[in-house]
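Q: The structure file data16.csv (CSV, C-alpha atoms and all ligand atoms) is provided below.
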chain,number,residue,atom,x,y,z
A,177,MET,CA,-16.1,1.0,-8.0
A,178,LYS,CA,-13.3,-0.3,-5.7
A,179,ARG,CA,-11.0,2.4,-4.6
A,180,ALA,CA,-7.3,2.3,-3.7
A,181,LEU,CA,-5.4,4.8,-1.7
A,182,ILE,CA,-1.8,5.1,-2.9
A,183,ILE,CA,0.7,6.6,-0.4
A,184,GLU,CA,3.9,7.2,-2.4
A,185,ASP,CA,6.3,10.2,-2.6
A,186,ASN,CA,8.0,9.2,-5.8
A,187,GLN,CA,6.2,10.8,-8.7
A,188,ASP,CA,7.2,8.1,-11.3
A,189,ASN,CA,5.9,5.3,-9.1
A,190,MET,CA,2.8,7.2,-8.3
A,191,GLU,CA,2.0,7.8,-11.9
A,192,LEU,CA,2.7,4.2,-12.8
A,193,ILE,CA,0.6,2.6,-10.1
A,194,THR,CA,-2.2,5.1,-10.6
A,195,PHE,CA,-2.2,4.3,-14.3
A,196,ILE,CA,-2.3,0.6,-13.8
A,197,LEU,CA,-5.0,0.6,-11.2
A,198,GLU,CA,-7.2,2.9,-13.2
A,199,SER,CA,-6.8,0.9,-16.3
A,200,TYR,CA,-8.1,-2.1,-14.4
A,201,GLY,CA,-11.1,-0.1,-13.3
A,202,PHE,CA,-10.1,1.0,-9.8
A,203,GLY,CA,-10.7,4.4,-8.4
A,204,THR,CA,-7.6,6.0,-6.9
A,205,ILE,CA,-6.9,8.5,-4.1
A,206,ARG,CA,-3.4,9.8,-3.8
A,207,ALA,CA,-1.3,10.9,-0.9
A,208,TRP,CA,2.4,12.0,-1.1
A,209,LYS,CA,3.2,11.8,2.6
A,210,GLY,CA,2.6,9.6,5.5
A,211,GLU,CA,0.5,11.9,7.7
A,212,GLU,CA,-1.6,12.9,4.7
A,213,GLY,CA,-2.0,9.2,3.8
A,214,TYR,CA,-3.1,8.2,7.2
A,215,ALA,CA,-5.7,11.0,7.3
A,216,ALA,CA,-6.9,10.1,3.8
A,217,ALA,CA,-7.3,6.4,4.8
A,218,LEU,CA,-9.7,7.3,7.6
A,219,GLU,CA,-11.5,10.0,5.6
A,220,HIS,CA,-12.1,7.9,2.4
A,221,ARG,CA,-12.1,4.4,3.7
A,222,PRO,CA,-10.5,2.9,0.6
A,223,ASP,CA,-10.9,-0.8,-0.2
A,224,PHE,CA,-7.1,-1.2,0.1
A,225,ILE,CA,-4.0,0.9,0.5
A,226,ILE,CA,-0.7,0.7,-1.4
A,227,LEU,CA,1.9,2.0,1.0
A,228,ASP,CA,5.4,3.1,0.2
A,229,ILE,CA,7.7,2.6,3.2
A,230,GLN,CA,10.2,5.4,2.6
A,231,LEU,CA,8.2,8.6,2.9
A,232,PRO,CA,9.4,12.2,3.6
A,233,ASP,CA,7.6,12.7,6.9
A,234,ILE,CA,6.8,9.6,8.8
A,235,GLU,CA,7.8,6.1,7.7
A,236,GLY,CA,5.3,3.8,6.1
A,237,THR,CA,5.8,1.5,9.0
A,238,GLU,CA,4.5,4.3,11.3
A,239,VAL,CA,1.4,4.8,9.0
A,240,LEU,CA,0.8,1.0,9.2
A,241,ALA,CA,1.2,1.1,13.0
A,242,ARG,CA,-1.3,4.0,13.4
A,243,LEU,CA,-3.8,2.3,11.1
A,244,GLN,CA,-3.5,-0.9,13.2
A,245,ASP,CA,-4.2,1.1,16.3
A,246,HIS,CA,-7.4,2.5,14.8
A,247,PRO,CA,-10.5,0.2,15.1
A,248,GLU,CA,-11.7,1.0,11.6
A,249,GLY,CA,-8.3,1.8,10.1
A,250,ARG,CA,-7.1,-1.7,10.9
A,251,THR,CA,-9.7,-3.3,8.7
A,252,ILE,CA,-8.3,-1.8,5.5
A,253,PRO,CA,-5.9,-4.2,3.7
A,254,VAL,CA,-2.4,-2.6,3.3
A,255,ILE,CA,0.0,-3.7,0.6
A,256,ALA,CA,3.5,-2.4,1.3
A,257,MET,CA,5.9,-1.5,-1.4
A,258,THR,CA,9.4,-2.1,-0.4
A,259,SER,CA,12.8,-1.9,-2.0
A,260,TYR,CA,14.4,-3.2,1.2
A,261,ALA,CA,16.6,-6.1,0.2
A,262,MET,CA,16.5,-7.6,3.6
A,263,ALA,CA,14.0,-10.4,4.2
A,264,GLY,CA,13.9,-9.4,7.8
A,265,ASP,CA,12.3,-6.1,7.0
A,266,ARG,CA,9.5,-7.8,5.1
A,267,GLU,CA,8.9,-10.1,8.0
A,268,LYS,CA,8.7,-7.0,10.2
A,269,LEU,CA,6.2,-5.4,7.9
A,270,LEU,CA,4.0,-8.5,7.9
A,271,ALA,CA,4.3,-8.8,11.7
A,272,ALA,CA,3.3,-5.1,11.9
A,273,GLY,CA,0.0,-6.0,10.1
A,274,CYS,CA,0.4,-5.4,6.4
A,275,THR,CA,-1.6,-7.8,4.3
A,276,GLY,CA,1.3,-8.4,1.8
A,277,TYR,CA,4.0,-6.6,0.0
A,278,ILE,CA,5.2,-5.9,-3.5
A,279,GLU,CA,8.8,-5.2,-4.4
A,280,LYS,CA,10.2,-2.2,-6.0
A,281,PRO,CA,11.0,-1.6,-8.8
A,282,ILE,CA,7.3,-2.2,-9.7
A,283,ASP,CA,7.0,-4.6,-12.6
A,284,PRO,CA,4.1,-3.2,-14.7
A,285,GLU,CA,3.4,-6.7,-16.2
A,286,ARG,CA,3.0,-8.3,-12.9
A,287,VAL,CA,1.9,-5.8,-10.3
A,288,MET,CA,-1.8,-6.1,-10.9
A,289,SER,CA,-1.8,-9.9,-10.5
A,290,GLN,CA,0.4,-9.5,-7.4
A,291,ILE,CA,-2.1,-7.0,-5.9
A,292,GLN,CA,-5.1,-9.2,-6.7
A,293,ALA,CA,-3.4,-12.3,-5.3
A,294,ILE,CA,-2.7,-10.5,-2.0
A,295,LEU,CA,-6.3,-9.1,-1.8
A,296,GLU,CA,-7.8,-12.5,-2.6
A,297,GLY,CA,-5.9,-14.0,0.3
A,298,HIS,CA,-3.1,-15.8,-1.6
A,299,HIS,CA,-0.9,-13.4,0.2
A,300,GLU,CA,2.3,-13.4,2.1
A,301,ASN,CA,0.9,-13.2,5.6
A,302,PRO,CA,-0.7,-16.5,6.8
A,303,ASP,CA,-1.9,-14.8,10.0
A,304,ARG,CA,-4.4,-12.4,8.3
B,401,MN,MN,9.5,6.7,-1.1
The structure given in the file should be rewritten as structure tokens.
Ligand code: MN
A:
Amino acid sequence: MKRALIIEDNQDNMELITFILESYGFGTIRAWKGEEGYAAALEHRPDFIILDIQLPDIEGTEVLARLQDHPEGRTIPVIAMTSYAMAGDREKLLAAGCTGYIEKPIDPERVMSQIQAILEGHHENPDR
């Protein structure tokens, strides 16, 4: 079973993403804060990470930066969830090493195909 680590502090989003991933047969690991999420990534080595950017302790971008600095952490695909309206922030996320991003609010009808497209390489970041 493929496993996803979801790092998200918003309970409604967490429940929604967990529900969708599990209904498609993925295992899920949940973390509600950035530090906890980073530790869980290295402990559990999920197949991919869904990463909220606005977290209560460290920013999702910091989680991403730490993972990129870790020789094994950097091999885990990271899909950022962003509600940032600015295209420049998305570019920064991609430059920081995330594999792709999905926009909030999550669209339950589309999110699984968005995630699969990113994981299959039809993603937003041509450099990875
Ligand atoms: Mn958040």
Q: Neighbours of ligand MN 401 (chain B) at 12 Å or closer, counting all atoms listed in the file: which residues, as an MDAnalysis selection string?
A: chainID A and resid 182:190 207:210 226:237 256:260 280:281
Q: Which is closest to A:Met288 among A:Ile255, A:Arg221, A:Val239, A:Leu269, if we use only C-alpha atoms?
A: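 Once distances to A:Met288 are computed over only C-alpha atoms, the minimum belongs to A:Ile255.
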Q: Which residues, written as a list in words, have at least one atom at most 10 Å from A:Thr194, with only C-alpha atoms counted and residues fewer than 2 positions away on the same chain left out?
A: Ala180, Leu181, Ile182, Asp188, Asn189, Met190, Glu191, Leu192, Ile196, Leu197, Glu198, Ser199, Phe202, Gly203, Thr204, Ile205 and Arg206 of chain A
Q: Atom CA of A:Gln244 to atom CA of A:Ile193: how many Å, to one decimal?
A: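 Atom CA of A:Ile193 lies at a distance of 23.9 Å from atom CA of A:Gln244.
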Q: Using all atoms listed in the file, which of the listed residues (A:Tyr214, A:Phe195, A:Tyr277, A:Phe224) sits closest to A:Ala241?
A: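 Closest candidate: A:Tyr214.
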Q: Could you please determine the separation between atom CA of A:Thr251 and atom CA of A:Ala293 in Å, to one decimal place?
A: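 Taking atom CA of A:Thr251 as the start and atom CA of A:Ala293 as the end point, the length is 17.8 Å.
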Q: Any idea what's packed within 12 Å of A:Pro253, counting all atoms listed in the file, ignoring anything in its chain fewer than 5 positions away? Could you give it as a PyMOL selection string?
A: chain A and resi 179-181+217+221-227+240+243-244+248+270+273-277+291-292+294-297+299+301+304
Q: Restricting the calculation to all atoms listed in the file: of A:Asp283, A:Leu218, A:Gly264, A:Glu238, which residue gets closest to A:Ile252?
A: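 With all atoms listed in the file as the atom set, the closest residue is A:Leu218.
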Q: Quick one, how far is atom CA of A:Tyr200 from atom CA of A:Val254?
A: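 Rounded to one decimal, the two atoms are 18.6 Å apart.
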Q: With all atoms listed in the file as the atoms that count, which of A:Arg242, A:Gly201, A:Gly249, A:Ile278 lies nearest to A:Glu219?
A: A:Gly249
